[in-house]
Structures are given as C-alpha cells and as structure tokens.
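Text of query.txt (compact mmCIF, N, CA and C atoms) as supplied:
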```
# COMPACT_ATOMS: atom_id res chain seq x y z
N MET A 1 0.82 -1.18 0.00
CA MET A 1 0.00 0.00 0.00
C MET A 1 0.87 1.26 0.00
N ALA A 2 1.91 1.24 0.83
CA ALA A 2 2.80 2.40 0.89
C ALA A 2 3.44 2.67 -0.45
N ARG A 3 3.77 1.61 -1.16
CA ARG A 3 4.38 1.77 -2.49
C ARG A 3 3.41 2.42 -3.46
N LEU A 4 2.15 2.02 -3.40
CA LEU A 4 1.14 2.63 -4.26
C LEU A 4 1.03 4.12 -4.01
N VAL A 5 1.01 4.49 -2.74
CA VAL A 5 0.90 5.90 -2.39
C VAL A 5 2.15 6.65 -2.86
N ALA A 6 3.31 6.06 -2.62
CA ALA A 6 4.56 6.73 -2.98
C ALA A 6 4.71 6.90 -4.49
N LEU A 7 4.23 5.93 -5.25
CA LEU A 7 4.42 5.97 -6.69
C LEU A 7 3.22 6.52 -7.45
N SER A 8 2.14 6.82 -6.75
CA SER A 8 0.96 7.34 -7.43
C SER A 8 1.18 8.79 -7.84
N SER A 9 0.39 9.24 -8.80
CA SER A 9 0.52 10.62 -9.26
C SER A 9 -0.39 11.56 -8.49
N GLY A 10 -0.96 11.09 -7.40
CA GLY A 10 -1.77 11.96 -6.55
C GLY A 10 -3.26 11.79 -6.74
N GLY A 11 -3.67 11.04 -7.75
CA GLY A 11 -5.10 10.83 -7.98
C GLY A 11 -5.62 9.64 -7.19
N GLU A 12 -6.79 9.21 -7.57
CA GLU A 12 -7.41 8.07 -6.92
C GLU A 12 -6.70 6.78 -7.31
N ILE A 13 -6.50 5.90 -6.34
CA ILE A 13 -5.88 4.61 -6.60
C ILE A 13 -6.99 3.59 -6.75
N GLY A 14 -7.16 3.10 -7.98
CA GLY A 14 -8.22 2.14 -8.27
C GLY A 14 -7.66 0.89 -8.91
N PRO A 15 -8.54 0.03 -9.40
CA PRO A 15 -8.10 -1.23 -10.01
C PRO A 15 -7.14 -1.04 -11.18
N GLN A 16 -7.35 0.01 -11.97
CA GLN A 16 -6.46 0.25 -13.10
C GLN A 16 -5.05 0.59 -12.63
N THR A 17 -4.91 1.26 -11.51
CA THR A 17 -3.60 1.57 -10.94
C THR A 17 -2.90 0.28 -10.52
N LEU A 18 -3.63 -0.59 -9.85
CA LEU A 18 -3.05 -1.85 -9.38
C LEU A 18 -2.58 -2.72 -10.53
N SER A 19 -3.32 -2.72 -11.62
CA SER A 19 -2.94 -3.57 -12.75
C SER A 19 -1.71 -3.06 -13.47
N THR A 20 -1.37 -1.79 -13.33
CA THR A 20 -0.20 -1.24 -14.01
C THR A 20 1.05 -1.27 -13.14
N MET A 21 0.91 -1.61 -11.86
CA MET A 21 2.06 -1.64 -10.97
C MET A 21 2.88 -2.90 -11.23
N PRO A 22 4.21 -2.74 -11.41
CA PRO A 22 5.04 -3.93 -11.59
C PRO A 22 5.14 -4.72 -10.29
N PRO A 23 5.28 -6.03 -10.37
CA PRO A 23 5.42 -6.81 -9.14
C PRO A 23 6.73 -6.48 -8.44
N THR A 24 6.72 -6.55 -7.13
CA THR A 24 7.92 -6.28 -6.36
C THR A 24 8.57 -7.60 -5.98
N PRO A 25 9.90 -7.60 -5.77
CA PRO A 25 10.54 -8.83 -5.33
C PRO A 25 9.93 -9.39 -4.05
N ALA A 26 9.55 -8.52 -3.13
CA ALA A 26 8.96 -8.97 -1.88
C ALA A 26 7.58 -9.59 -2.11
N ALA A 27 6.91 -9.15 -3.15
CA ALA A 27 5.58 -9.67 -3.42
C ALA A 27 5.64 -11.06 -4.01
N GLY A 28 6.78 -11.47 -4.46
CA GLY A 28 6.93 -12.79 -5.06
C GLY A 28 7.25 -13.84 -4.04
N ALA A 29 8.48 -14.28 -4.02
CA ALA A 29 8.91 -15.41 -3.19
C ALA A 29 8.73 -15.14 -1.70
N GLN A 30 9.08 -13.97 -1.23
CA GLN A 30 9.05 -13.70 0.20
C GLN A 30 7.64 -13.57 0.75
N ALA A 31 6.71 -13.09 -0.05
CA ALA A 31 5.36 -12.84 0.45
C ALA A 31 4.65 -14.12 0.88
N ASN A 32 4.98 -15.24 0.27
CA ASN A 32 4.31 -16.50 0.57
C ASN A 32 5.06 -17.33 1.60
N ARG A 33 6.10 -16.80 2.18
CA ARG A 33 6.90 -17.55 3.14
C ARG A 33 6.75 -16.93 4.52
N SER A 34 6.75 -17.78 5.52
CA SER A 34 6.68 -17.26 6.88
C SER A 34 8.05 -16.71 7.27
N ASN A 35 8.06 -15.91 8.30
CA ASN A 35 9.29 -15.30 8.79
C ASN A 35 10.32 -16.37 9.17
N GLU A 36 9.86 -17.48 9.70
CA GLU A 36 10.77 -18.56 10.12
C GLU A 36 11.45 -19.23 8.92
N GLU A 37 10.79 -19.20 7.77
CA GLU A 37 11.35 -19.83 6.57
C GLU A 37 12.35 -18.94 5.84
N MET A 38 12.40 -17.68 6.21
CA MET A 38 13.27 -16.72 5.53
C MET A 38 14.62 -16.64 6.24
N ALA A 39 15.67 -16.52 5.46
CA ALA A 39 17.00 -16.31 6.02
C ALA A 39 17.06 -14.91 6.64
N LEU A 40 18.00 -14.72 7.53
CA LEU A 40 18.15 -13.42 8.20
C LEU A 40 18.28 -12.30 7.18
N TRP A 41 19.12 -12.48 6.15
CA TRP A 41 19.32 -11.41 5.17
C TRP A 41 18.02 -11.10 4.43
N GLU A 42 17.17 -12.10 4.21
CA GLU A 42 15.90 -11.86 3.55
C GLU A 42 14.96 -11.04 4.44
N ARG A 43 14.97 -11.35 5.73
CA ARG A 43 14.15 -10.58 6.67
C ARG A 43 14.64 -9.15 6.79
N LEU A 44 15.96 -8.98 6.82
CA LEU A 44 16.52 -7.63 6.90
C LEU A 44 16.19 -6.83 5.65
N ASP A 45 16.33 -7.46 4.48
CA ASP A 45 15.98 -6.79 3.23
C ASP A 45 14.51 -6.39 3.20
N ALA A 46 13.64 -7.29 3.63
CA ALA A 46 12.20 -7.00 3.65
C ALA A 46 11.90 -5.83 4.59
N PHE A 47 12.56 -5.83 5.75
CA PHE A 47 12.37 -4.74 6.71
C PHE A 47 12.87 -3.42 6.13
N GLU A 48 14.07 -3.44 5.54
CA GLU A 48 14.65 -2.23 4.98
C GLU A 48 13.76 -1.67 3.87
N ARG A 49 13.31 -2.54 2.99
CA ARG A 49 12.44 -2.12 1.90
C ARG A 49 11.17 -1.47 2.44
N GLU A 50 10.57 -2.08 3.44
CA GLU A 50 9.35 -1.54 4.05
C GLU A 50 9.60 -0.15 4.62
N GLN A 51 10.72 0.03 5.30
CA GLN A 51 11.05 1.33 5.89
C GLN A 51 11.24 2.38 4.80
N ILE A 52 11.88 2.01 3.71
CA ILE A 52 12.09 2.94 2.59
C ILE A 52 10.75 3.33 1.98
N GLU A 53 9.89 2.34 1.75
CA GLU A 53 8.57 2.62 1.19
C GLU A 53 7.76 3.55 2.09
N GLN A 54 7.82 3.31 3.40
CA GLN A 54 7.09 4.15 4.34
C GLN A 54 7.65 5.57 4.36
N ALA A 55 8.97 5.70 4.29
CA ALA A 55 9.58 7.03 4.28
C ALA A 55 9.20 7.79 3.02
N LEU A 56 9.19 7.10 1.89
CA LEU A 56 8.79 7.75 0.64
C LEU A 56 7.33 8.17 0.70
N ALA A 57 6.48 7.32 1.23
CA ALA A 57 5.06 7.66 1.34
C ALA A 57 4.86 8.86 2.26
N ALA A 58 5.58 8.88 3.37
CA ALA A 58 5.44 9.96 4.35
C ALA A 58 5.94 11.29 3.82
N THR A 59 6.86 11.25 2.86
CA THR A 59 7.44 12.49 2.32
C THR A 59 6.90 12.83 0.94
N GLY A 60 5.86 12.13 0.53
CA GLY A 60 5.29 12.40 -0.80
C GLY A 60 6.25 12.10 -1.93
N GLY A 61 7.16 11.15 -1.71
CA GLY A 61 8.10 10.77 -2.75
C GLY A 61 9.39 11.59 -2.77
N ASN A 62 9.56 12.49 -1.83
CA ASN A 62 10.77 13.32 -1.77
C ASN A 62 11.93 12.47 -1.25
N GLN A 63 12.83 12.11 -2.15
CA GLN A 63 13.92 11.21 -1.80
C GLN A 63 14.90 11.82 -0.80
N SER A 64 15.21 13.08 -0.94
CA SER A 64 16.15 13.73 -0.01
C SER A 64 15.59 13.74 1.40
N GLU A 65 14.31 14.08 1.52
CA GLU A 65 13.68 14.12 2.84
C GLU A 65 13.54 12.72 3.43
N ALA A 66 13.21 11.74 2.58
CA ALA A 66 13.09 10.36 3.05
C ALA A 66 14.44 9.86 3.57
N ALA A 67 15.51 10.17 2.86
CA ALA A 67 16.86 9.77 3.29
C ALA A 67 17.20 10.44 4.62
N ARG A 68 16.87 11.71 4.75
CA ARG A 68 17.14 12.43 6.01
C ARG A 68 16.40 11.79 7.17
N ARG A 69 15.13 11.44 6.95
CA ARG A 69 14.33 10.82 8.02
C ARG A 69 14.88 9.46 8.41
N LEU A 70 15.45 8.74 7.44
CA LEU A 70 16.03 7.43 7.73
C LEU A 70 17.47 7.55 8.25
N ARG A 71 17.98 8.77 8.23
CA ARG A 71 19.34 9.06 8.71
C ARG A 71 20.41 8.32 7.93
N ILE A 72 20.23 8.34 6.59
CA ILE A 72 21.26 7.80 5.69
C ILE A 72 21.52 8.86 4.63
N SER A 73 22.67 8.75 3.97
CA SER A 73 22.99 9.72 2.92
C SER A 73 22.05 9.52 1.74
N ARG A 74 21.87 10.57 0.97
CA ARG A 74 21.00 10.46 -0.20
C ARG A 74 21.56 9.45 -1.19
N SER A 75 22.88 9.40 -1.35
CA SER A 75 23.46 8.44 -2.29
C SER A 75 23.21 7.00 -1.83
N SER A 76 23.28 6.73 -0.53
CA SER A 76 22.96 5.40 -0.01
C SER A 76 21.48 5.10 -0.23
N PHE A 77 20.65 6.11 -0.05
CA PHE A 77 19.21 5.93 -0.25
C PHE A 77 18.92 5.57 -1.70
N VAL A 78 19.55 6.27 -2.62
CA VAL A 78 19.35 5.98 -4.05
C VAL A 78 19.84 4.58 -4.39
N ASP A 79 20.97 4.17 -3.80
CA ASP A 79 21.47 2.81 -4.02
C ASP A 79 20.44 1.78 -3.55
N ARG A 80 19.82 2.04 -2.43
CA ARG A 80 18.82 1.11 -1.89
C ARG A 80 17.55 1.10 -2.74
N LEU A 81 17.17 2.26 -3.28
CA LEU A 81 16.03 2.32 -4.19
C LEU A 81 16.27 1.41 -5.39
N LYS A 82 17.47 1.48 -5.93
CA LYS A 82 17.81 0.63 -7.07
C LYS A 82 17.81 -0.84 -6.68
N LYS A 83 18.37 -1.13 -5.51
CA LYS A 83 18.44 -2.51 -5.03
C LYS A 83 17.06 -3.16 -4.97
N TYR A 84 16.07 -2.39 -4.52
CA TYR A 84 14.73 -2.92 -4.34
C TYR A 84 13.80 -2.62 -5.52
N GLY A 85 14.35 -2.07 -6.58
CA GLY A 85 13.54 -1.79 -7.76
C GLY A 85 12.52 -0.69 -7.54
N LEU A 86 12.83 0.26 -6.68
CA LEU A 86 11.91 1.35 -6.37
C LEU A 86 12.25 2.64 -7.09
N SER A 87 13.39 2.68 -7.78
CA SER A 87 13.80 3.92 -8.44
C SER A 87 13.06 4.08 -9.75
N SER A 88 12.89 5.33 -10.14
CA SER A 88 12.19 5.62 -11.39
C SER A 88 13.15 5.64 -12.57
N SER A 89 14.44 5.54 -12.29
CA SER A 89 15.42 5.57 -13.40
C SER A 89 15.97 4.21 -13.70
```
Please lay out the structure from this file as structure tokens.
Amino acid sequence: MARLVALSSGGEIGPQTLSTMPPTPAAGAQANRSNEEMALWERLDAFEREQIEQALAATGGNQSEAARRLRISRSSFVDRLKKYGLSSS
C-alpha cells in the first residue's frame, strides 16, 4: 500500500492503478513464506524495503527528505532504491 501511495501521481488509486504496478521482489517469493522460513538477510531486506517505502510515502516521494528521516545519505538511499527496484530511473 505504501508503495502505491509513494508511486501514485496523486489521484485516486483504483483497479487500473493496481494492474499497471510492476510486481515487487517482496511480493513474489518472500510474500508467501513465513518469517521462520526466511534467512536473516531476507528478513533484513524486507524490513529495509518496508522502511524505505514508508519514508517515501510519508514524504510524498521526496527522496532527499526520506533519506534524512532514515538518517542515511542520499546516495545510499538511491542505491537502496535501485536494489529494491523502487527507483524511477
């Protein structure tokens, strides 16, 4: 949900919006597995991704502000966006 808000253009989020959203890595293999079945690095990645999505949603997609709130450099934030497929570039 946070990803939809962060990546939306500000209008209403309806079925057509959901159908155009690309699947996320977390929505695939990790989403169907319990926490006990996931390796530590998978749980950490899932947690980090969630925090990034929430920060982006809270800042209206402002990457600099989201990085500041997470207390990481903007360049590290951009690297993490790419890692999780959240970047627009």
What does the structure give for the distance between CA of Gln63 in chain A and CA of Trp41 in chain A, in Å to one decimal?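 Between CA of Gln63 in chain A and CA of Trp41 in chain A the gap is 24.3 Å.
Comparing A:Ser34, A:Ala46, A:Ser87, A:Ser73 by their smallest distance to Gly61 in chain A, the closest is A:Ser87 (using only C-alpha atoms).
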Would you compute the distance between CA of Phe77 in chain A and atom C of Ile52 in chain A? Give it in Å to one decimal.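 We find that CA of Phe77 in chain A and atom C of Ile52 in chain A lie 9.1 Å from each other.
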Exercise: Phe47 in chain A partners within 12 Å, only C-alpha atoms, chain neighbours under 5 positions left out, as a PyMOL selection string: chain A and resi 26+30+35+40-42+52-54+84
What is the atom N of Ser76 in chain A-atom N of Glu36 in chain A distance in Å, reported with one decimal?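 Distance between the two atoms: 29.5 Å.
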